[in-house]
Amino acid sequence: MRYFIELSYNGGAYCGWQRQPSMPTVQQTLEKALSTLLQEEIMVTGAGRTDTGVNASYYVAHFDTAKAIADPSQIVYKVNFMLPGDIAVGSIREVSDEAHARYGAREREYRYYIEPRKNPFTRHATWQYYVPLDVEKMNRAADFLLHWEDFTSFAKLNSNNKTNICHVMKAQWQCNDDGVLCFTIRADRFLRNMVRAIVGTLVDVGRGRYSVEEFREIVRSLDLSKSSAGAPAQGLFLSDVVYPEEMFTRSMK
């Protein structure tokens, strides 16, 4: 039997999602709890990788069991009791055996948060950046991402990608009433470190290091060395994963 699990996590204490020897990861922590609870070895497949320190306000994974789970809601309750406070499961639902959390995803969305002041209560969830930024200019630069496909300029070296082609559907900065900036980017797929590299380069546009046209030239160059340093991990959240409706629909808010 195959099940999709919806969850969220604070990545600050983990070396990313993916299982690694002798290092704490979200995948290993979740597998250990589910294996103990269901009394069989559970291997979890995630919707994608998140790097060390990166968060997920919404994440999807799947796992298989030898026998059906009689009451998934009770498993949700019990697994949350067993998991540490920085991982929360929202639902467990049966899906078809062909459904795949990674390969079945059609869109993913990330959000990056920048706070323009020191705030001890959000320091693990935002990049606290004190230089004034021109948001309108950053949005004009970000709009170019919707009209480009090859993101080699923002791809981590030696990632063994089969292709650096991605199709971005949304890339926009918004500012709330408290002055906190949120960059939302949605695409069919993302490369490792891609979002943080884009954010770091767009911030350099906002502070005047690059013009909008210079940003476009960086994208066109297909040269990672021309982009800026990646933004810090703690401000980045995986915020949505979308599947074909017949496969799976989001229930966790």
# chains A, B, ... in the order shown; residues from 1 in each chain; ligands from 1
>>> select_by_dssp(residues="stretch 39-222 of chain A", states="strand (DSSP E)", output="MDAnalysis selection string")
chainID A and resid 44:46 55:64 87:95 107:115 127:128 168:175 181:187
>>> residues_around(residues="A:Asp64", least_positions_apart="3", cutoff="12 Å", atoms="only C-alpha atoms", output="MDAnalysis selection string")
chainID A and resid 1:5 31 34:35 38 40:45 61 67:69 92:101
>>> write_last_selection(atoms="N, CA and C atoms", output="CSV table (one decimal), in the first residue's frame")
chain,number,residue,atom,x,y,z
A,1,MET,N,0.8,-1.2,0.0
A,1,MET,CA,0.0,0.0,0.0
A,1,MET,C,0.9,1.2,0.0
A,2,ARG,N,0.5,2.2,-0.8
A,2,ARG,CA,1.3,3.5,-0.8
A,2,ARG,C,0.5,4.6,-0.2
A,3,TYR,N,1.2,5.5,0.5
A,3,TYR,CA,0.6,6.6,1.2
A,3,TYR,C,1.4,7.9,0.9
A,4,PHE,N,0.7,9.0,0.7
A,4,PHE,CA,1.3,10.3,0.7
A,4,PHE,C,1.2,10.9,2.1
A,5,ILE,N,2.3,11.6,2.5
A,5,ILE,CA,2.3,12.2,3.8
A,5,ILE,C,2.6,13.7,3.6
A,31,GLU,N,11.6,8.6,8.9
A,31,GLU,CA,11.6,7.1,8.7
A,31,GLU,C,11.7,6.4,10.0
A,34,LEU,N,8.2,6.5,11.8
A,34,LEU,CA,7.2,5.7,11.1
A,34,LEU,C,7.5,4.2,11.2
A,35,SER,N,8.8,3.8,11.2
A,35,SER,CA,9.1,2.4,11.3
A,35,SER,C,8.8,1.9,12.7
A,38,LEU,N,4.8,1.8,12.9
A,38,LEU,CA,4.1,0.8,12.0
A,38,LEU,C,4.7,-0.6,12.2
A,40,GLU,N,7.4,-1.9,11.0
A,40,GLU,CA,8.1,-2.5,9.8
A,40,GLU,C,9.0,-1.4,9.3
A,41,GLU,N,10.0,-1.8,8.5
A,41,GLU,CA,11.0,-0.8,7.9
A,41,GLU,C,10.3,0.1,6.9
A,42,ILE,N,10.3,1.3,7.2
A,42,ILE,CA,9.6,2.3,6.3
A,42,ILE,C,10.7,3.2,5.6
A,43,MET,N,10.6,3.2,4.3
A,43,MET,CA,11.5,4.1,3.5
A,43,MET,C,10.7,5.2,2.9
A,44,VAL,N,11.1,6.4,3.1
A,44,VAL,CA,10.3,7.6,2.7
A,44,VAL,C,10.9,8.2,1.5
A,45,THR,N,10.1,8.5,0.5
A,45,THR,CA,10.6,9.2,-0.7
A,45,THR,C,10.0,10.6,-0.7
A,61,ALA,N,5.7,13.6,0.8
A,61,ALA,CA,6.6,12.4,0.6
A,61,ALA,C,5.6,11.2,0.5
A,67,LYS,N,1.0,-3.8,4.8
A,67,LYS,CA,-0.5,-3.9,5.0
A,67,LYS,C,-1.1,-2.5,5.2
A,68,ALA,N,-2.4,-2.5,4.9
A,68,ALA,CA,-3.1,-1.2,5.0
A,68,ALA,C,-3.1,-0.6,6.4
A,69,ILE,N,-3.1,0.7,6.4
A,69,ILE,CA,-3.2,1.5,7.7
A,69,ILE,C,-4.7,1.6,8.0
A,92,ILE,N,-1.9,11.8,6.4
A,92,ILE,CA,-1.4,10.6,5.7
A,92,ILE,C,-2.6,10.1,4.9
A,93,ARG,N,-2.4,9.9,3.6
A,93,ARG,CA,-3.6,9.5,2.8
A,93,ARG,C,-3.1,8.4,1.8
A,94,GLU,N,-4.0,7.4,1.6
A,94,GLU,CA,-3.7,6.4,0.6
A,94,GLU,C,-3.8,6.9,-0.8
A,95,VAL,N,-2.8,6.5,-1.6
A,95,VAL,CA,-2.9,6.9,-3.0
A,95,VAL,C,-2.6,5.6,-3.9
A,96,SER,N,-2.7,5.7,-5.2
A,96,SER,CA,-2.4,4.6,-6.1
A,96,SER,C,-0.9,4.2,-6.0
A,97,ASP,N,-0.7,2.9,-6.3
A,97,ASP,CA,0.7,2.4,-6.2
A,97,ASP,C,1.6,3.1,-7.2
A,98,GLU,N,1.1,3.8,-8.2
A,98,GLU,CA,1.9,4.5,-9.2
A,98,GLU,C,2.2,5.9,-8.9
A,99,ALA,N,1.5,6.4,-7.9
A,99,ALA,CA,1.7,7.8,-7.5
A,99,ALA,C,3.1,8.0,-6.9
A,100,HIS,N,3.8,9.0,-7.2
A,100,HIS,CA,5.2,9.2,-6.8
A,100,HIS,C,5.4,10.7,-6.3
A,101,ALA,N,5.9,10.8,-5.1
A,101,ALA,CA,6.0,12.2,-4.5
A,101,ALA,C,7.0,13.1,-5.3
>>> atom_distance(atom1="atom CA of A:Gln27", atom2="atom CA of A:Val199")
26.2 Å
>>> atom_distance(atom1="atom CA of A:Glu136", atom2="atom CA of A:Gly235")
20.5 Å
>>> residues_around(residues="A:Asp178", least_positions_apart="3", cutoff="9 Å", atoms="only C-alpha atoms", output="PDB file with N, CA and C atoms, in the first residue's frame")
ATOM      1  N   GLU A 115      13.927  40.337   6.305  1.00  0.00           N
ATOM      2  CA  GLU A 115      13.436  41.308   7.282  1.00  0.00           C
ATOM      3  C   GLU A 115      14.442  42.451   7.398  1.00  0.00           C
ATOM      4  N   CYS A 175       6.001  43.135  -0.330  1.00  0.00           N
ATOM      5  CA  CYS A 175       6.391  43.708   0.966  1.00  0.00           C
ATOM      6  C   CYS A 175       5.144  43.838   1.836  1.00  0.00           C
ATOM      7  N   LEU A 181      10.045  41.508   3.331  1.00  0.00           N
ATOM      8  CA  LEU A 181       9.963  41.149   1.918  1.00  0.00           C
ATOM      9  C   LEU A 181       9.797  39.651   1.768  1.00  0.00           C
TER      10      LEU A 181
END
>>> residues_around(residues="A:Ser57", least_positions_apart="3", cutoff="7 Å", atoms="only C-alpha atoms", output="VMD selection string")
chain A and resid 8 to 9 237 to 239
>>> write_last_selection(atoms="N, CA and C atoms", output="JSON list (two decimals), in the first residue's frame")
[["chain", "number", "residue", "atom", "x", "y", "z"],
["A", 8, "SER", "N", 5.45, 19.58, 7.49],
["A", 8, "SER", "CA", 6.22, 20.82, 7.49],
["A", 8, "SER", "C", 7.38, 20.65, 8.46],
["A", 9, "TYR", "N", 8.43, 21.42, 8.24],
["A", 9, "TYR", "CA", 9.56, 21.31, 9.16],
["A", 9, "TYR", "C", 10.42, 22.56, 9.16],
["A", 237, "PHE", "N", 11.93, 28.77, 2.30],
["A", 237, "PHE", "CA", 10.90, 27.78, 2.62],
["A", 237, "PHE", "C", 10.36, 27.15, 1.34],
["A", 238, "LEU", "N", 10.32, 25.84, 1.27],
["A", 238, "LEU", "CA", 9.51, 25.17, 0.27],
["A", 238, "LEU", "C", 8.07, 25.36, 0.73],
["A", 239, "SER", "N", 7.23, 25.95, -0.12],
["A", 239, "SER", "CA", 5.89, 26.35, 0.32],
["A", 239, "SER", "C", 4.75, 25.64, -0.39]]
>>> select_by_dssp(residues="stretch 89-210 of chain A", states="alpha helix (DSSP H)", output="list of chain:residue names")
A:Val135, A:Glu136, A:Lys137, A:Met138, A:Asn139, A:Arg140, A:Ala141, A:Ala142, A:Met194, A:Val195, A:Arg196, A:Ala197, A:Ile198, A:Val199, A:Gly200, A:Thr201, A:Leu202, A:Val203, A:Asp204, A:Val205, A:Gly206
>>> write_last_selection(atoms="N, CA and C atoms", output="JSON list (two decimals), in the first residue's frame")
[["chain", "number", "residue", "atom", "x", "y", "z"],
["A", 135, "VAL", "N", 12.58, 47.52, -4.32],
["A", 135, "VAL", "CA", 11.76, 46.35, -4.64],
["A", 135, "VAL", "C", 11.23, 46.41, -6.07],
["A", 136, "GLU", "N", 10.88, 47.59, -6.54],
["A", 136, "GLU", "CA", 10.37, 47.73, -7.90],
["A", 136, "GLU", "C", 11.43, 47.30, -8.91],
["A", 137, "LYS", "N", 12.66, 47.67, -8.67],
["A", 137, "LYS", "CA", 13.76, 47.29, -9.54],
["A", 137, "LYS", "C", 14.00, 45.78, -9.48],
["A", 138, "MET", "N", 13.91, 45.21, -8.29],
["A", 138, "MET", "CA", 14.09, 43.77, -8.12],
["A", 138, "MET", "C", 13.00, 42.99, -8.87],
["A", 139, "ASN", "N", 11.79, 43.52, -8.87],
["A", 139, "ASN", "CA", 10.70, 42.85, -9.59],
["A", 139, "ASN", "C", 10.87, 42.95, -11.10],
["A", 140, "ARG", "N", 11.40, 44.06, -11.58],
["A", 140, "ARG", "CA", 11.65, 44.17, -13.02],
["A", 140, "ARG", "C", 12.72, 43.18, -13.45],
["A", 141, "ALA", "N", 13.71, 42.98, -12.60],
["A", 141, "ALA", "CA", 14.75, 42.00, -12.90],
["A", 141, "ALA", "C", 14.18, 40.58, -12.83],
["A", 142, "ALA", "N", 13.40, 40.30, -11.80],
["A", 142, "ALA", "CA", 12.85, 38.95, -11.60],
["A", 142, "ALA", "C", 11.92, 38.55, -12.74],
["A", 194, "MET", "N", 19.51, 26.89, -6.51],
["A", 194, "MET", "CA", 19.02, 27.84, -7.52],
["A", 194, "MET", "C", 18.31, 29.04, -6.90],
["A", 195, "VAL", "N", 17.38, 28.78, -5.99],
["A", 195, "VAL", "CA", 16.59, 29.87, -5.42],
["A", 195, "VAL", "C", 17.45, 30.81, -4.60],
["A", 196, "ARG", "N", 18.33, 30.26, -3.78],
["A", 196, "ARG", "CA", 19.18, 31.11, -2.95],
["A", 196, "ARG", "C", 20.14, 31.94, -3.80],
["A", 197, "ALA", "N", 20.63, 31.37, -4.91],
["A", 197, "ALA", "CA", 21.50, 32.13, -5.81],
["A", 197, "ALA", "C", 20.73, 33.25, -6.51],
["A", 198, "ILE", "N", 19.51, 32.96, -6.91],
["A", 198, "ILE", "CA", 18.67, 34.00, -7.54],
["A", 198, "ILE", "C", 18.39, 35.12, -6.55],
["A", 199, "VAL", "N", 18.00, 34.75, -5.32],
["A", 199, "VAL", "CA", 17.70, 35.76, -4.31],
["A", 199, "VAL", "C", 18.92, 36.63, -4.03],
["A", 200, "GLY", "N", 20.08, 36.01, -3.84],
["A", 200, "GLY", "CA", 21.29, 36.79, -3.57],
["A", 200, "GLY", "C", 21.62, 37.77, -4.67],
["A", 201, "THR", "N", 21.39, 37.36, -5.92],
["A", 201, "THR", "CA", 21.68, 38.24, -7.06],
["A", 201, "THR", "C", 20.64, 39.34, -7.17],
["A", 202, "LEU", "N", 19.37, 39.01, -6.92],
["A", 202, "LEU", "CA", 18.33, 40.04, -6.96],
["A", 202, "LEU", "C", 18.50, 41.07, -5.84],
["A", 203, "VAL", "N", 18.98, 40.62, -4.68],
["A", 203, "VAL", "CA", 19.26, 41.57, -3.60],
["A", 203, "VAL", "C", 20.36, 42.54, -4.03],
["A", 204, "ASP", "N", 21.35, 42.04, -4.77],
["A", 204, "ASP", "CA", 22.39, 42.94, -5.28],
["A", 204, "ASP", "C", 21.85, 43.91, -6.32],
["A", 205, "VAL", "N", 20.79, 43.52, -7.02],
["A", 205, "VAL", "CA", 20.10, 44.48, -7.89],
["A", 205, "VAL", "C", 19.41, 45.54, -7.04],
["A", 206, "GLY", "N", 18.73, 45.10, -5.99],
["A", 206, "GLY", "CA", 17.98, 46.02, -5.13],
["A", 206, "GLY", "C", 18.84, 47.02, -4.40]]
>>> residues_around(residues="A:Gly12", least_positions_apart="6", cutoff="12 Å", atoms="only C-alpha atoms", output="VMD selection string")
chain A and resid 24 to 26 50 to 56 85 to 87 123 to 126 232 to 237
>>> decode(residues="stretch 46-57 of chain A", atoms="all heavy atoms", output="compact mmCIF listing (two decimals), in the first residue's frame")
# COMPACT_ATOMS: atom_id res chain seq x y z
N GLY A 46 10.87 11.65 -0.77
CA GLY A 46 10.39 13.02 -0.70
C GLY A 46 10.16 13.67 -2.05
O GLY A 46 10.62 13.17 -3.09
N ALA A 47 9.45 14.79 -2.03
CA ALA A 47 9.15 15.53 -3.25
C ALA A 47 10.40 16.17 -3.86
O ALA A 47 10.41 16.55 -5.03
CB ALA A 47 8.12 16.62 -2.96
N GLY A 48 11.45 16.28 -3.08
CA GLY A 48 12.69 16.87 -3.57
C GLY A 48 13.62 17.13 -2.40
O GLY A 48 13.26 16.94 -1.24
N ARG A 49 14.83 17.55 -2.72
CA ARG A 49 15.82 17.84 -1.69
C ARG A 49 15.67 19.26 -1.19
O ARG A 49 15.37 20.17 -1.96
CB ARG A 49 17.23 17.66 -2.24
CG ARG A 49 17.55 16.26 -2.70
CD ARG A 49 18.96 16.17 -3.24
NE ARG A 49 19.97 16.50 -2.23
CZ ARG A 49 21.26 16.19 -2.35
NH1 ARG A 49 21.69 15.54 -3.40
NH2 ARG A 49 22.12 16.51 -1.41
N THR A 50 15.86 19.44 0.11
CA THR A 50 16.12 20.78 0.63
C THR A 50 17.48 20.71 1.31
O THR A 50 17.83 19.71 1.92
CB THR A 50 15.05 21.23 1.64
OG1 THR A 50 14.94 20.27 2.71
CG2 THR A 50 13.69 21.39 0.96
N ASP A 51 18.25 21.78 1.19
CA ASP A 51 19.61 21.79 1.70
C ASP A 51 19.65 22.06 3.20
O ASP A 51 18.63 22.39 3.82
CB ASP A 51 20.45 22.84 0.96
CG ASP A 51 20.71 22.44 -0.49
OD1 ASP A 51 20.71 21.23 -0.78
OD2 ASP A 51 20.92 23.35 -1.31
N THR A 52 20.83 21.97 3.76
CA THR A 52 21.03 22.20 5.19
C THR A 52 20.44 23.55 5.62
O THR A 52 20.73 24.58 5.00
CB THR A 52 22.54 22.18 5.52
OG1 THR A 52 23.07 20.90 5.19
CG2 THR A 52 22.78 22.48 7.00
N GLY A 53 19.60 23.52 6.64
CA GLY A 53 19.04 24.75 7.19
C GLY A 53 17.83 25.29 6.48
O GLY A 53 17.20 26.23 6.98
N VAL A 54 17.46 24.72 5.33
CA VAL A 54 16.29 25.20 4.59
C VAL A 54 15.03 24.59 5.19
O VAL A 54 15.01 23.44 5.63
CB VAL A 54 16.40 24.83 3.09
CG1 VAL A 54 15.13 25.19 2.34
CG2 VAL A 54 17.60 25.55 2.48
N ASN A 55 13.95 25.37 5.20
CA ASN A 55 12.70 24.97 5.83
C ASN A 55 11.66 24.53 4.79
O ASN A 55 11.83 24.77 3.59
CB ASN A 55 12.11 26.14 6.63
CG ASN A 55 13.14 26.79 7.52
OD1 ASN A 55 13.60 26.21 8.49
ND2 ASN A 55 13.53 28.02 7.18
N ALA A 56 10.59 23.92 5.28
CA ALA A 56 9.45 23.60 4.41
C ALA A 56 8.17 23.91 5.18
O ALA A 56 7.90 23.28 6.20
CB ALA A 56 9.48 22.14 3.99
N SER A 57 7.41 24.90 4.71
CA SER A 57 6.10 25.14 5.30
C SER A 57 5.09 24.15 4.73
O SER A 57 4.01 23.95 5.29
CB SER A 57 5.64 26.58 5.04
OG SER A 57 5.65 26.87 3.65
